[in-house]
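Peer 1: Before I ask anything, let me first share the structure, which is written out below as structure tokens.
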Amino acid sequence: MQTNGHPLDALGDPTRRQIFELLRSGPRSVGELAAGLPVSRPAVSQHLRVLEDVGLVTHHRSGTRNLYELDSAGVETLRDWVDGFWSEALARFKDVAEKASRTGGSS
Amino acid sequence: MNDALVIEVVRKTVTVDCAVEEAFRIFTTDAMNWWPVATHSIHGTVSEIVFEPHVGGEVYEVAESGERGHWATVLEWEPPSRLVLAWNILDRGDVTEVEVRFLAADGQTRVELEHRGWENVELDAPTKRGDYDEGWGVVLGKYVDRTG
């Protein structure tokens, strides 16, 4: 699956969502993640790369292993998504309120 | 990754050509007609959206199965001019706040909305509720359905 670089699209994949949720309990190595998932280590690595590309996951070296963890800046992604949501919702609200007002308040 | 994040408050303003009372009424009792439930609800199809009209009240959706989905808790309820909700985000709990103000402006209503408290959304701090799939899973599933 190709990602177009949008974080929420990256999480549209069920395995990546599982990885994301596993990482919520703390940093993990690729091996630890793969142990809890029905996919191979290379597949986990590939999913991690996608999550990292869109800014949801980051990694650092601890001794000889790479530990992956959630990037707390991912909250900004969520915030921006909600920002777009309210624009859409309020535009619809305006339409409905004005229509109801013109027809005498019935809805 | 533990640097304090300053995340900008979501602020929206819309001017609606109707009276303040009408705007408040439509917002709180007629959400079924304007809320984008297909893409922004817990169940995807919803038969009812309820704003319990008092402090401590609940805002929730009712799925066609009859099951409820919790959206928010009412923190302040001042019809027709203002309401504040503690907003559940991705099932992380009611950690964000939505304030909506309805202001009279030349016979129209200026609606100002603020969604704040992003610093309380800790993606990296699990709540151990065991129902994460209801959060990202469902909400993002809808998002992907919509854009995919």
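Ligands are numbered from 1 in the order shown, chains are lettered A, B, ... in the order of the structure tokens, and residues start at 1 in each chain.
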Any idea what's packed within 12 Å of A:Val39, counting only C-alpha atoms, ignoring anything in its chain fewer than 5 positions away? Could you give it as a ChimeraX atom specification?

Peer 2: /A:14-16,18-19,30-34,44-47

Peer 1: I need the chosen residues saved as a compact mmCIF listing (two decimals), in the first residue's frame, with N, CA and C atoms.

Peer 2:
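The result, written out as selection00.txt:
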```txt
# COMPACT_ATOMS: atom_id res chain seq x y z
N PRO A 14 -4.62 -1.62 9.06
CA PRO A 14 -4.87 -2.24 10.37
C PRO A 14 -3.59 -2.65 11.10
N THR A 15 -2.60 -3.16 10.39
CA THR A 15 -1.36 -3.56 11.06
C THR A 15 -0.64 -2.35 11.64
N ARG A 16 -0.63 -1.27 10.86
CA ARG A 16 0.04 -0.07 11.36
C ARG A 16 -0.70 0.49 12.57
N GLN A 18 -2.25 -1.33 14.71
CA GLN A 18 -1.86 -2.21 15.83
C GLN A 18 -0.48 -1.84 16.37
N ILE A 19 0.43 -1.56 15.44
CA ILE A 19 1.77 -1.14 15.87
C ILE A 19 1.68 0.15 16.67
N VAL A 30 11.86 -3.64 17.00
CA VAL A 30 11.16 -4.31 15.91
C VAL A 30 10.80 -5.75 16.32
N GLY A 31 11.74 -6.42 16.95
CA GLY A 31 11.52 -7.81 17.36
C GLY A 31 10.37 -7.94 18.35
N GLU A 32 10.32 -7.04 19.30
CA GLU A 32 9.23 -7.07 20.29
C GLU A 32 7.88 -6.83 19.63
N LEU A 33 7.88 -5.91 18.69
CA LEU A 33 6.62 -5.62 17.99
C LEU A 33 6.19 -6.83 17.16
N ALA A 34 7.15 -7.43 16.46
CA ALA A 34 6.82 -8.55 15.58
C ALA A 34 6.30 -9.74 16.39
N VAL A 44 7.14 -5.53 9.71
CA VAL A 44 7.02 -4.55 10.79
C VAL A 44 7.92 -3.35 10.52
N SER A 45 9.15 -3.64 10.08
CA SER A 45 10.08 -2.55 9.77
C SER A 45 9.53 -1.62 8.71
N GLN A 46 8.91 -2.23 7.72
CA GLN A 46 8.36 -1.43 6.63
C GLN A 46 7.21 -0.55 7.14
N HIS A 47 6.36 -1.12 7.96
CA HIS A 47 5.25 -0.33 8.53
C HIS A 47 5.79 0.80 9.41
```

Peer 1: Quick one: residues within 7 Å of stretch 9-25 of chain B, only C-alpha atoms, excluding same-chain residues fewer than 6 positions away - as a list of chain:residue names?

Peer 2: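 Neighbouring residues, sequence-local ones excluded: A:Asp83, A:Ser87, A:Leu90, A:Lys94, A:Ala97, A:Glu98, A:Ser101, B:Pro79, B:Pro80, B:Phe102, B:Leu103, B:Ala104, B:Gly107, B:Gln108, B:Thr109, B:Arg110, B:Val111, B:Glu112, B:Leu113, B:Glu114, B:His115, B:Arg116.
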
Peer 1: Kindly save the residues from that selection, with C-alpha atoms included, as a short mmCIF file (atom, residue, chain, number, x, y, z; two decimals), in the first residue's frame.

Peer 2:
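Just written: selection26.cif:
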```cif
data_model
loop_
_atom_site.label_atom_id
_atom_site.label_comp_id
_atom_site.auth_asym_id
_atom_site.auth_seq_id
_atom_site.Cartn_x
_atom_site.Cartn_y
_atom_site.Cartn_z
CA ASP A 83 -9.69 21.88 12.75
CA SER A 87 -14.91 23.99 9.42
CA LEU A 90 -20.02 24.75 11.10
CA LYS A 94 -24.94 27.62 9.09
CA ALA A 97 -29.84 27.22 10.79
CA GLU A 98 -30.50 29.72 8.00
CA SER A 101 -34.92 30.39 10.22
CA PRO B 79 -28.63 29.21 26.66
CA PRO B 80 -28.75 30.91 24.29
CA PHE B 102 -23.45 32.67 20.26
CA LEU B 103 -23.27 36.45 19.93
CA ALA B 104 -25.93 38.76 18.54
CA GLY B 107 -29.88 40.59 13.75
CA GLN B 108 -27.49 37.79 12.89
CA THR B 109 -25.54 35.46 15.12
CA ARG B 110 -21.80 35.26 15.30
CA VAL B 111 -20.85 31.76 16.40
CA GLU B 112 -17.39 31.45 17.88
CA LEU B 113 -16.04 27.98 18.55
CA GLU B 114 -12.88 27.03 20.40
CA HIS B 115 -11.54 23.48 20.70
CA ARG B 116 -8.66 23.49 23.17
#
```

Peer 1: For chain A against chain B, which residues fall within 10 Å using only C-alpha atoms, given as a count of residues only?

Peer 2: 54

Peer 1: Could you find all residues in chain A that DSSP calls alpha helix (DSSP H) from the backbone, and write them as a PyMOL selection string?

Peer 2: chain A and resi 7-10+14-23+30-35+41-53+74-102
